[in-house]
$ cat entry_0.cif   # mmCIF, C-alpha atoms
data_start
#
loop_
_atom_site.group_PDB
_atom_site.id
_atom_site.type_symbol
_atom_site.label_atom_id
_atom_site.label_comp_id
_atom_site.auth_asym_id
_atom_site.auth_seq_id
_atom_site.Cartn_x
_atom_site.Cartn_y
_atom_site.Cartn_z
ATOM 1 C CA MET K 41 67.981 -59.724 -19.570
ATOM 2 C CA ALA K 42 68.440 -55.971 -19.285
ATOM 3 C CA LYS K 43 72.008 -54.745 -19.348
ATOM 4 C CA LEU K 44 73.447 -54.637 -15.848
ATOM 5 C CA THR K 45 74.809 -51.287 -14.778
ATOM 6 C CA ILE K 46 76.662 -49.658 -11.928
ATOM 7 C CA GLU K 47 73.281 -48.449 -10.671
ATOM 8 C CA ASP K 48 72.233 -52.060 -10.155
ATOM 9 C CA LEU K 49 75.359 -52.640 -8.127
ATOM 10 C CA LYS K 50 74.542 -49.621 -5.955
ATOM 11 C CA LYS K 51 71.076 -50.998 -5.253
ATOM 12 C CA ILE K 52 72.574 -54.342 -4.288
ATOM 13 C CA LYS K 53 74.984 -52.560 -1.968
ATOM 14 C CA GLU K 54 72.223 -50.633 -0.184
ATOM 15 C CA LYS K 55 70.174 -53.784 0.263
ATOM 16 C CA ALA K 56 73.164 -55.790 1.463
ATOM 17 C CA LYS K 57 74.127 -53.130 3.984
ATOM 18 C CA LYS K 58 70.703 -53.295 5.606
ATOM 19 C CA SER K 59 70.920 -56.998 6.243
ATOM 20 C CA THR K 60 73.610 -57.215 8.888
ATOM 21 C CA ALA K 61 76.929 -58.003 7.285
ATOM 22 C CA LEU K 62 78.196 -61.167 8.915
ATOM 23 C CA ARG K 63 79.149 -64.044 6.604
ATOM 24 C CA GLU K 64 82.550 -64.313 8.193
ATOM 25 C CA GLY K 65 83.425 -65.214 11.748
ATOM 26 C CA GLU K 66 80.196 -66.173 13.416
ATOM 27 C CA ALA K 67 79.013 -68.739 10.913
ATOM 28 C CA THR K 68 76.989 -71.639 12.292
ATOM 29 C CA VAL K 69 77.154 -73.599 9.050
ATOM 30 C CA LYS K 70 80.252 -73.922 6.894
ATOM 31 C CA ILE K 71 80.000 -75.404 3.406
ATOM 32 C CA THR K 72 83.233 -76.393 1.676
ATOM 33 C CA VAL K 73 83.295 -77.126 -2.043
ATOM 34 C CA HIS K 74 86.422 -79.008 -3.041
ATOM 35 C CA MET K 75 87.957 -77.490 -6.157
ATOM 36 C CA GLY K 76 91.110 -79.251 -7.154
ATOM 37 C CA THR K 77 91.700 -80.122 -10.804
ATOM 38 C CA CYS K 78 89.717 -83.309 -10.204
ATOM 39 C CA GLY K 79 86.768 -81.448 -8.657
ATOM 40 C CA ILE K 80 86.707 -78.842 -11.415
ATOM 41 C CA ALA K 81 86.782 -81.504 -14.131
ATOM 42 C CA ALA K 82 83.982 -83.398 -12.408
ATOM 43 C CA GLY K 83 81.645 -80.402 -12.118
ATOM 44 C CA ALA K 84 82.498 -78.451 -8.955
ATOM 45 C CA ARG K 85 81.758 -75.167 -10.752
ATOM 46 C CA GLU K 86 78.160 -76.177 -11.415
ATOM 47 C CA VAL K 87 77.820 -77.264 -7.782
ATOM 48 C CA MET K 88 79.163 -73.926 -6.558
ATOM 49 C CA ASP K 89 76.968 -72.061 -9.036
ATOM 50 C CA ALA K 90 73.838 -73.785 -7.693
ATOM 51 C CA LEU K 91 75.017 -73.048 -4.170
ATOM 52 C CA MET K 92 75.437 -69.347 -5.016
ATOM 53 C CA GLU K 93 71.863 -69.234 -6.257
ATOM 54 C CA GLU K 94 70.544 -70.965 -3.145
ATOM 55 C CA MET K 95 72.507 -68.554 -0.957
ATOM 56 C CA ALA K 96 70.928 -65.618 -2.768
ATOM 57 C CA GLU K 97 67.472 -66.972 -2.013
ATOM 58 C CA THR K 98 67.851 -67.566 1.692
ATOM 59 C CA GLU K 99 67.570 -64.874 4.355
ATOM 60 C CA ARG K 100 70.043 -66.699 6.587
ATOM 61 C CA ASP K 101 73.303 -64.820 7.054
ATOM 62 C CA ASP K 102 75.119 -67.337 9.255
ATOM 63 C CA ILE K 103 76.153 -69.635 6.410
ATOM 64 C CA GLN K 104 79.705 -69.492 5.187
ATOM 65 C CA VAL K 105 80.817 -70.891 1.845
ATOM 66 C CA VAL K 106 84.467 -71.681 1.216
ATOM 67 C CA SER K 107 86.436 -73.616 -1.344
ATOM 68 C CA SER K 108 89.391 -75.868 -0.812
ATOM 69 C CA GLY K 109 91.619 -78.077 -2.889
ATOM 70 C CA CYS K 110 91.595 -81.759 -3.561
ATOM 71 C CA MET K 111 91.248 -83.969 -0.485
ATOM 72 C CA GLY K 112 92.552 -87.099 -2.132
ATOM 73 C CA MET K 113 89.267 -88.706 -3.043
ATOM 74 C CA CYS K 114 89.252 -87.670 -6.688
ATOM 75 C CA SER K 115 87.027 -90.507 -7.828
ATOM 76 C CA SER K 116 84.134 -89.291 -5.695
ATOM 77 C CA GLU K 117 84.332 -85.641 -6.813
ATOM 78 C CA PRO K 118 82.613 -83.246 -6.751
ATOM 79 C CA ASN K 119 82.811 -83.426 -2.974
ATOM 80 C CA VAL K 120 81.118 -80.988 -0.620
ATOM 81 C CA THR K 121 81.620 -80.871 3.153
ATOM 82 C CA VAL K 122 78.854 -79.493 5.353
ATOM 83 C CA GLU K 123 79.786 -78.565 8.898
ATOM 84 C CA VAL K 124 76.940 -77.561 11.178
ATOM 85 C CA LYS K 125 78.148 -76.111 14.471
ATOM 86 C CA ASP K 126 78.451 -78.725 17.251
ATOM 87 C CA GLN K 127 77.768 -81.594 14.835
ATOM 88 C CA PRO K 128 80.183 -83.910 13.039
ATOM 89 C CA PRO K 129 80.937 -82.718 9.479
ATOM 90 C CA VAL K 130 79.367 -84.635 6.620
ATOM 91 C CA ILE K 131 81.211 -85.147 3.344
ATOM 92 C CA TYR K 132 78.948 -85.512 0.321
ATOM 93 C CA GLN K 133 80.166 -87.197 -2.844
ATOM 94 C CA LEU K 134 79.352 -87.181 -6.574
ATOM 95 C CA MET K 135 77.477 -83.914 -6.216
ATOM 96 C CA ASP K 136 75.654 -82.050 -8.950
ATOM 97 C CA ARG K 137 73.376 -79.004 -9.115
ATOM 98 C CA ASN K 138 70.263 -80.796 -7.943
ATOM 99 C CA LYS K 139 71.946 -82.708 -5.148
ATOM 100 C CA MET K 140 73.526 -79.456 -3.970
ATOM 101 C CA ARG K 141 70.127 -77.760 -3.888
ATOM 102 C CA GLN K 142 68.669 -80.660 -1.924
ATOM 103 C CA VAL K 143 71.555 -80.723 0.565
ATOM 104 C CA PHE K 144 71.221 -76.972 1.018
ATOM 105 C CA LYS K 145 67.472 -76.995 1.528
ATOM 106 C CA ARG K 146 67.370 -80.067 3.806
ATOM 107 C CA HIS K 147 70.695 -80.343 5.593
ATOM 108 C CA VAL K 148 71.945 -76.761 5.738
ATOM 109 C CA LEU K 149 68.597 -75.082 6.369
ATOM 110 C CA LYS K 150 66.755 -77.824 8.276
ATOM 111 C CA GLY K 151 69.490 -80.004 9.718
ATOM 112 C CA GLU K 152 68.434 -83.231 7.996
ATOM 113 C CA VAL K 153 71.564 -85.064 6.859
ATOM 114 C CA GLN K 154 71.095 -86.450 3.343
ATOM 115 C CA SER K 155 72.637 -89.866 3.955
ATOM 116 C CA ASP K 156 71.988 -91.084 0.412
ATOM 117 C CA PHE K 157 74.609 -88.676 -0.964
ATOM 118 C CA ALA K 158 77.037 -88.910 1.931
ATOM 119 C CA LEU K 159 80.489 -90.364 1.531
ATOM 120 C CA ALA K 160 81.348 -90.206 5.203
ATOM 121 C CA LYS K 161 80.818 -88.478 8.478
ATOM 122 C CA GLY K 162 83.844 -87.038 10.170
ATOM 123 C CA LYS K 163 86.643 -84.614 9.650
ATOM 124 C CA GLU K 164 88.869 -84.708 6.607
ATOM 125 C CA THR K 165 92.568 -84.655 7.361
ATOM 126 C CA MET I 227 88.205 -80.448 -19.324
ATOM 127 C CA ARG I 228 85.061 -79.887 -21.309
ATOM 128 C CA GLU I 229 85.440 -76.102 -21.471
ATOM 129 C CA LEU I 230 88.326 -73.670 -21.747
ATOM 130 C CA ALA I 231 86.759 -71.786 -18.830
ATOM 131 C CA LEU I 232 87.461 -74.798 -16.608
ATOM 132 C CA HIS I 233 91.125 -74.822 -17.614
ATOM 133 C CA VAL I 234 91.299 -71.123 -16.765
ATOM 134 C CA MET I 235 89.688 -71.768 -13.408
ATOM 135 C CA ASP I 236 92.074 -74.613 -12.666
ATOM 136 C CA ILE I 237 95.187 -72.544 -13.457
ATOM 137 C CA MET I 238 93.786 -69.692 -11.346
ATOM 138 C CA GLU I 239 93.407 -72.113 -8.429
ATOM 139 C CA ASN I 240 97.160 -72.760 -8.667
ATOM 140 C CA GLY I 241 97.677 -69.034 -8.192
ATOM 141 C CA LEU I 242 95.444 -69.019 -5.133
ATOM 142 C CA ASP I 243 97.381 -71.948 -3.688
ATOM 143 C CA ALA I 244 100.530 -69.877 -4.209
ATOM 144 C CA GLY I 245 99.060 -67.135 -2.025
ATOM 145 C CA ALA I 246 98.050 -64.696 -4.769
ATOM 146 C CA ASP I 247 95.504 -61.956 -4.068
ATOM 147 C CA LEU I 248 95.388 -60.607 -7.615
ATOM 148 C CA LEU I 249 94.698 -62.715 -10.673
ATOM 149 C CA THR I 250 94.811 -61.214 -14.134
ATOM 150 C CA VAL I 251 93.152 -63.111 -16.941
ATOM 151 C CA SER I 252 93.185 -61.982 -20.527
ATOM 152 C CA ILE I 253 91.508 -63.796 -23.375
ATOM 153 C CA CYS I 254 92.171 -62.625 -26.888
ATOM 154 C CA GLU I 255 90.434 -63.935 -29.975
ATOM 155 C CA ASP I 256 92.184 -62.824 -33.124
ATOM 156 C CA ARG I 257 90.009 -64.029 -35.952
ATOM 157 C CA GLU I 258 92.282 -62.629 -38.658
ATOM 158 C CA ARG I 259 95.216 -64.664 -37.407
ATOM 159 C CA ASN I 260 92.941 -67.572 -36.457
ATOM 160 C CA LEU I 261 94.424 -67.474 -32.978
ATOM 161 C CA LEU I 262 92.998 -67.766 -29.491
ATOM 162 C CA GLU I 263 95.266 -66.719 -26.653
ATOM 163 C CA ILE I 264 94.684 -67.083 -22.932
ATOM 164 C CA ASP I 265 97.002 -65.318 -20.523
ATOM 165 C CA ILE I 266 96.717 -65.929 -16.776
ATOM 166 C CA ALA I 267 98.990 -64.121 -14.318
ATOM 167 C CA ASP I 268 99.068 -64.222 -10.528
ATOM 168 C CA ASN I 269 101.026 -62.328 -7.875
ATOM 169 C CA GLY I 270 101.638 -65.392 -5.727
ATOM 170 C CA ARG I 271 104.975 -66.545 -4.442
ATOM 171 C CA GLY I 272 106.178 -67.869 -7.806
ATOM 172 C CA MET I 273 108.472 -70.786 -8.496
ATOM 173 C CA ASP I 274 112.188 -71.205 -9.044
ATOM 174 C CA ALA I 275 113.419 -72.862 -12.248
ATOM 175 C CA GLU I 276 113.620 -76.301 -10.705
ATOM 176 C CA THR I 277 110.096 -76.209 -9.237
ATOM 177 C CA LEU I 278 108.727 -74.857 -12.503
ATOM 178 C CA GLU I 279 110.335 -77.708 -14.388
ATOM 179 C CA ARG I 280 108.720 -80.168 -12.010
ATOM 180 C CA ALA I 281 105.349 -78.415 -12.125
ATOM 181 C CA LEU I 282 105.131 -79.245 -15.805
ATOM 182 C CA ASN I 283 105.538 -82.901 -14.971
ATOM 183 C CA PRO I 284 102.152 -84.528 -14.336
ATOM 184 C CA PHE I 285 103.652 -86.647 -11.598
ATOM 185 C CA PHE I 286 104.559 -83.651 -9.475
ATOM 186 C CA THR I 287 102.391 -81.760 -7.052
ATOM 187 C CA THR I 288 103.000 -79.601 -3.986
ATOM 188 C CA ARG I 289 99.955 -81.064 -2.311
ATOM 189 C CA LYS I 290 100.079 -84.034 0.000
ATOM 190 C CA THR I 291 96.681 -85.600 -0.636
ATOM 191 C CA ARG I 292 97.517 -87.274 -3.925
ATOM 192 C CA ARG I 293 100.638 -87.831 -5.927
ATOM 193 C CA VAL I 294 99.834 -86.302 -9.293
ATOM 194 C CA GLY I 295 99.260 -82.693 -10.370
ATOM 195 C CA LEU I 296 97.516 -82.431 -13.683
ATOM 196 C CA GLY I 297 96.517 -78.792 -14.094
ATOM 197 C CA PHE I 298 99.391 -77.607 -16.313
ATOM 198 C CA SER I 299 99.643 -80.917 -18.151
ATOM 199 C CA LEU I 300 95.974 -80.968 -19.099
ATOM 200 C CA LEU I 301 96.107 -77.412 -20.430
ATOM 201 C CA ARG I 302 99.329 -78.021 -22.327
ATOM 202 C CA GLU I 303 97.886 -81.104 -23.978
ATOM 203 C CA ALA I 304 94.727 -79.205 -24.907
ATOM 204 C CA CYS I 305 96.865 -76.480 -26.524
ATOM 205 C CA ARG I 306 99.060 -78.880 -28.461
ATOM 206 C CA ARG I 307 96.068 -80.865 -29.623
ATOM 207 C CA CYS I 308 94.744 -77.649 -31.182
ATOM 208 C CA GLY I 309 97.860 -76.419 -32.960
ATOM 209 C CA GLY I 310 99.040 -74.189 -30.117
ATOM 210 C CA ASP I 311 101.209 -74.441 -27.031
ATOM 211 C CA MET I 312 101.523 -73.413 -23.405
ATOM 212 C CA GLU I 313 104.296 -71.434 -21.797
ATOM 213 C CA VAL I 314 104.830 -70.788 -18.082
ATOM 214 C CA ARG I 315 107.037 -68.054 -16.691
ATOM 215 C CA SER I 316 107.710 -67.756 -13.030
ATOM 216 C CA ALA I 317 110.284 -66.520 -10.534
ATOM 217 C CA PRO I 318 110.303 -66.559 -6.752
ATOM 218 C CA GLY I 319 108.524 -63.464 -5.449
ATOM 219 C CA GLU I 320 107.334 -62.468 -8.902
ATOM 220 C CA GLY I 321 104.284 -64.633 -9.366
ATOM 221 C CA THR I 322 103.517 -66.906 -12.265
ATOM 222 C CA ARG I 323 102.293 -66.235 -15.767
ATOM 223 C CA VAL I 324 100.772 -68.860 -18.018
ATOM 224 C CA LYS I 325 100.255 -68.235 -21.707
ATOM 225 C CA ALA I 326 98.195 -70.676 -23.698
ATOM 226 C CA SER I 327 97.511 -70.494 -27.408
ATOM 227 C CA PHE I 328 95.176 -72.395 -29.688
ATOM 228 C CA GLN I 329 94.300 -72.449 -33.368
ATOM 229 C CA ALA I 330 90.907 -70.737 -33.125
ATOM 230 C CA ASP I 331 89.032 -72.876 -35.635
ATOM 231 C CA HIS I 332 90.606 -76.200 -34.659
ATOM 232 C CA ILE I 333 88.033 -78.955 -34.590
ATOM 233 C CA ASP I 334 89.289 -80.272 -31.246
ATOM 234 C CA LEU I 335 89.111 -76.900 -29.514
ATOM 235 C CA ALA I 336 86.779 -77.065 -26.519
ATOM 236 C CA PRO I 337 84.154 -74.335 -26.272
ATOM 237 C CA MET I 338 84.952 -71.315 -24.117
ATOM 238 C CA GLY I 339 82.115 -72.260 -21.785
ATOM 239 C CA ASP I 340 80.857 -70.370 -18.772
ATOM 240 C CA VAL I 341 83.634 -67.971 -17.796
ATOM 241 C CA GLY I 342 81.263 -65.927 -15.607
ATOM 242 C CA GLY I 343 80.420 -69.009 -13.574
ATOM 243 C CA ALA I 344 84.072 -70.022 -13.334
ATOM 244 C CA LEU I 345 85.346 -66.668 -12.081
ATOM 245 C CA THR I 346 82.557 -66.136 -9.566
ATOM 246 C CA THR I 347 82.961 -69.676 -8.272
ATOM 247 C CA LEU I 348 86.534 -68.747 -7.394
ATOM 248 C CA ILE I 349 85.486 -65.503 -5.737
ATOM 249 C CA MET I 350 82.752 -67.249 -3.756
ATOM 250 C CA GLY I 351 85.357 -69.249 -1.847
ATOM 251 C CA ASN I 352 88.051 -66.542 -1.891
ATOM 252 C CA PRO I 353 86.371 -63.167 -1.401
ATOM 253 C CA HIS I 354 89.658 -61.422 -0.549
ATOM 254 C CA VAL I 355 91.061 -62.104 -4.016
ATOM 255 C CA ASP I 356 90.750 -59.620 -6.856
ATOM 256 C CA ILE I 357 90.357 -60.546 -10.487
ATOM 257 C CA VAL I 358 90.986 -58.440 -13.557
ATOM 258 C CA TYR I 359 89.396 -60.069 -16.579
ATOM 259 C CA THR I 360 89.810 -58.828 -20.129
ATOM 260 C CA HIS I 361 88.168 -60.413 -23.152
ATOM 261 C CA ARG I 362 89.156 -59.123 -26.548
ATOM 262 C CA VAL I 363 87.615 -60.101 -29.875
ATOM 263 C CA GLY I 364 89.198 -58.108 -32.669
ATOM 264 C CA ASP I 365 88.800 -54.495 -31.572
ATOM 265 C CA ARG I 366 85.935 -55.161 -29.162
ATOM 266 C CA VAL I 367 86.933 -55.357 -25.523
ATOM 267 C CA PHE I 368 85.162 -56.336 -22.330
ATOM 268 C CA GLU I 369 86.905 -55.731 -19.043
ATOM 269 C CA VAL I 370 85.903 -56.255 -15.446
ATOM 270 C CA ASP I 371 88.055 -55.329 -12.452
ATOM 271 C CA THR I 372 86.812 -56.505 -9.069
ATOM 272 C CA ARG I 373 88.955 -53.843 -7.350
ATOM 273 C CA GLU I 374 86.694 -51.188 -8.851
ATOM 274 C CA MET I 375 83.611 -53.132 -7.778
ATOM 275 C CA ARG I 376 85.015 -53.524 -4.303
ATOM 276 C CA GLU I 377 85.448 -49.764 -4.020
ATOM 277 C CA GLU I 378 81.892 -49.226 -5.154
ATOM 278 C CA LEU I 379 80.586 -51.759 -2.653
ATOM 279 C CA GLU I 380 82.023 -49.913 0.370
ATOM 280 C CA GLY I 381 82.655 -52.908 2.587
ATOM 281 C CA VAL I 382 79.987 -55.282 1.296
ATOM 282 C CA ALA I 383 81.828 -58.528 0.545
ATOM 283 C CA LEU I 384 82.385 -59.621 -3.038
ATOM 284 C CA ASN I 385 80.911 -63.006 -2.150
ATOM 285 C CA HIS I 386 77.641 -61.579 -0.888
ATOM 286 C CA PRO I 387 75.154 -63.731 -2.824
ATOM 287 C CA ASP I 388 73.494 -60.803 -4.601
ATOM 288 C CA VAL I 389 76.861 -59.308 -5.546
ATOM 289 C CA ILE I 390 78.209 -62.611 -6.815
ATOM 290 C CA LEU I 391 75.188 -63.218 -9.058
ATOM 291 C CA PHE I 392 75.474 -59.642 -10.348
ATOM 292 C CA LEU I 393 79.121 -60.233 -11.160
ATOM 293 C CA ARG I 394 78.426 -63.557 -12.832
ATOM 294 C CA ASP I 395 75.714 -62.125 -15.049
ATOM 295 C CA THR I 396 77.773 -59.010 -15.839
ATOM 296 C CA ILE I 397 80.621 -61.193 -17.094
ATOM 297 C CA ARG I 398 78.272 -63.430 -19.082
ATOM 298 C CA GLN I 399 76.653 -60.423 -20.728
ATOM 299 C CA GLY I 400 79.970 -58.708 -21.420
ATOM 300 C CA ILE I 401 81.450 -61.746 -23.110
ATOM 301 C CA ARG I 402 78.323 -62.312 -25.146
ATOM 302 C CA ARG I 403 78.523 -58.700 -26.310
ATOM 303 C CA VAL I 404 82.137 -58.805 -27.467
ATOM 304 C CA CYS I 405 81.782 -62.204 -29.068
ATOM 305 C CA GLY I 406 78.915 -60.968 -31.205
ATOM 306 C CA ALA I 407 76.320 -63.094 -32.902
ATOM 307 C CA GLN I 408 78.681 -65.855 -34.041
ATOM 308 C CA LYS I 409 78.915 -67.359 -30.597
ATOM 309 C CA GLY I 410 75.450 -66.562 -29.343
#
$ encode --input "entry_0.cif" --output "structure tokens"
Amino acid sequence: MAKLTIEDLKKIKEKAKKSTALREGEATVKITVHMGTCGIAAGAREVMDALMEEMAETERDDIQVVSSGCMGMCSSEPNVTVEVKDQPPVIYQLMDRNKMRQVFKRHVLKGEVQSDFALAKGKET
Amino acid sequence: MRELALHVMDIMENGLDAGADLLTVSICEDRERNLLEIDIADNGRGMDAETLERALNPFFTTRKTRRVGLGFSLLREACRRCGGDMEVRSAPGEGTRVKASFQADHIDLAPMGDVGGALTTLIMGNPHVDIVYTHRVGDRVFEVDTREMREELEGVALNHPDVILFLRDTIRQGIRRVCGAQKG
């Protein structure tokens, strides 16, 4: 890979400014990656890394990615919660790179809940 | 934790939980002294002596979802297993600073791992937070300061997907450069 420079960053900035900057506020999909000690040890970084790459490939700008701490279900980490506006949130369990890509492509982009990976439907406390 | 980068990430998460918006991470590999030092400081709310004491106990956590808090304990054990130790300094209103040391060639020392991925993962979920990362190997230094990037970006968020991948790859390249051929 060629050495990245400040010029590359400037190009990214110009491109990003053209696509309307939203990403906060009006999101219609919110993806939460749980990153407590348990999540990190179980592979939450790889899950988030795959998610970053998927985000870079999509044109959609109404998807918000956030991280949160442990939600008390350490044995099913890495956990990811997908909340599509006006639908009950879905918590996915035992995630990895590939499952994250599948959830992103099917559930986030097309609205098809991936029940095979789901831990539960409903709001975490 | 399989990588030192994951320990770093975990300790940084503590800082975020404490309300920090600036995290300073410095990794120093001193091959002459056979020493690896990791220094993580945050400007969060800090802890008083009593809380700090309890934070080092694995059966203490400020969170309500489970009853154990393992971040510090796991890092401390990793240090001690590798001929080093961990020290935490903190005071209310003054943030927290964690210093971890390891014997650099210890057989039980976990690999550094993907620091670029770890730092950008944190930024992805916390785009308001700034990170200053310094990696020193002998007299070679790599430094990245997201405050400078932020200025350059003129309002484009740090967690914009293209920016985040740029940052990740910049850090990966930088570390590879200072580490030289020995570590690929």
$ closest_residue --input "entry_0.cif" --among "K:Asp136, K:Glu66, K:Glu47, K:Glu117" --to "Met88 (chain K)" --atoms "all atoms listed in the file"
K:Asp136
$ interface_residues --input "entry_0.cif" --of "chain I" --to "chain K" --cutoff "10 Å" --atoms "only C-alpha atoms" --output "NGL selection string"
:I and (227-229 or 232-233 or 235-237 or 239-240 or 243 or 289-293 or 295-298 or 300 or 340 or 342-353 or 375 or 378-383 or 385-397 or 399-400)
$ atom_distance --input "entry_0.cif" --atom1 "CA of Val358 (chain I)" --atom2 "CA of Met140 (chain K)"
29.0 Å
$ residues_around --input "entry_0.cif" --residues "Thr372 (chain I)" --least-positions-apart "6" --cutoff "9 Å" --atoms "all atoms listed in the file" --output "compact mmCIF listing (two decimals) with C-alpha atoms, in the frame of the given file"
# COMPACT_ATOMS: atom_id res chain seq x y z
CA VAL I 355 91.06 -62.10 -4.02
CA ASP I 356 90.75 -59.62 -6.86
CA ILE I 357 90.36 -60.55 -10.49
CA VAL I 358 90.99 -58.44 -13.56
CA TYR I 359 89.40 -60.07 -16.58
CA LEU I 384 82.38 -59.62 -3.04
CA LEU I 393 79.12 -60.23 -11.16
$ closest_residue --input "entry_0.cif" --among "I:Arg306, I:Ser299, I:Glu313, I:Met273" --to "Phe286 (chain I)" --atoms "all atoms listed in the file"
I:Ser299
$ closest_residue --input "entry_0.cif" --among "I:Ser252, I:Asn269, I:Thr287, I:Thr277" --to "Val363 (chain I)" --atoms "only C-alpha atoms"
I:Ser252
$ atom_distance --input "entry_0.cif" --atom1 "CA of Asp331 (chain I)" --atom2 "CA of Asn260 (chain I)"
6.6 Å
$ resolve_selection --input "entry_0.cif" --expression "the PyMOL selection byres ((chain K and resi 143-150) around 9)" --output "list of chain:residue names"
K:Val69, K:Lys70, K:Ile71, K:Leu91, K:Glu94, K:Met95, K:Thr98, K:Arg100, K:Ile103, K:Val122, K:Glu123, K:Val124, K:Tyr132, K:Asn138, K:Lys139, K:Met140, K:Arg141, K:Gln142, K:Gly151, K:Glu152, K:Val153, K:Gln154, K:Phe157
$ atom_distance --input "entry_0.cif" --atom1 "CA of Arg271 (chain I)" --atom2 "CA of Val324 (chain I)"
14.4 Å
$ decode --input "entry_0.cif" --residues "region 79-95 of chain K" --atoms "N, CA and C atoms" --output "CSV table (one decimal), in the first residue's frame"
chain,number,residue,atom,x,y,z
K,79,GLY,N,-16.7,-8.2,25.8
K,79,GLY,CA,-16.9,-8.0,24.4
K,79,GLY,C,-15.6,-7.9,23.6
K,80,ILE,N,-14.7,-7.1,24.2
K,80,ILE,CA,-13.4,-6.9,23.6
K,80,ILE,C,-12.6,-8.3,23.5
K,81,ALA,N,-12.7,-9.0,24.6
K,81,ALA,CA,-11.9,-10.3,24.7
K,81,ALA,C,-12.5,-11.3,23.7
K,82,ALA,N,-13.8,-11.1,23.5
K,82,ALA,CA,-14.5,-12.1,22.6
K,82,ALA,C,-14.4,-11.8,21.1
K,83,GLY,N,-14.0,-10.6,20.8
K,83,GLY,CA,-13.8,-10.2,19.4
K,83,GLY,C,-14.6,-9.0,18.9
K,84,ALA,N,-15.0,-8.1,19.8
K,84,ALA,CA,-15.8,-7.0,19.3
K,84,ALA,C,-15.1,-6.1,18.4
K,85,ARG,N,-13.7,-6.0,18.5
K,85,ARG,CA,-13.0,-5.2,17.6
K,85,ARG,C,-13.1,-5.6,16.2
K,86,GLU,N,-13.0,-6.9,16.0
K,86,GLU,CA,-13.1,-7.5,14.6
K,86,GLU,C,-14.5,-7.2,14.1
K,87,VAL,N,-15.5,-7.3,14.9
K,87,VAL,CA,-16.8,-7.1,14.5
K,87,VAL,C,-17.0,-5.6,14.1
K,88,MET,N,-16.5,-4.7,14.9
K,88,MET,CA,-16.5,-3.3,14.6
K,88,MET,C,-15.7,-3.0,13.3
K,89,ASP,N,-14.6,-3.6,13.2
K,89,ASP,CA,-13.7,-3.4,12.0
K,89,ASP,C,-14.5,-3.8,10.7
K,90,ALA,N,-15.1,-4.9,10.7
K,90,ALA,CA,-15.9,-5.4,9.6
K,90,ALA,C,-17.0,-4.4,9.3
K,91,LEU,N,-17.6,-3.9,10.4
K,91,LEU,CA,-18.7,-2.9,10.2
K,91,LEU,C,-18.2,-1.6,9.6
K,92,MET,N,-17.1,-1.2,10.0
K,92,MET,CA,-16.5,0.0,9.4
K,92,MET,C,-16.3,-0.1,7.9
K,93,GLU,N,-15.8,-1.3,7.5
K,93,GLU,CA,-15.6,-1.5,6.1
K,93,GLU,C,-16.9,-1.6,5.3
K,94,GLU,N,-17.9,-2.2,5.9
K,94,GLU,CA,-19.2,-2.2,5.3
K,94,GLU,C,-19.8,-0.8,5.1
K,95,MET,N,-19.6,0.0,6.2
K,95,MET,CA,-20.1,1.4,6.2
K,95,MET,C,-19.5,2.2,5.1
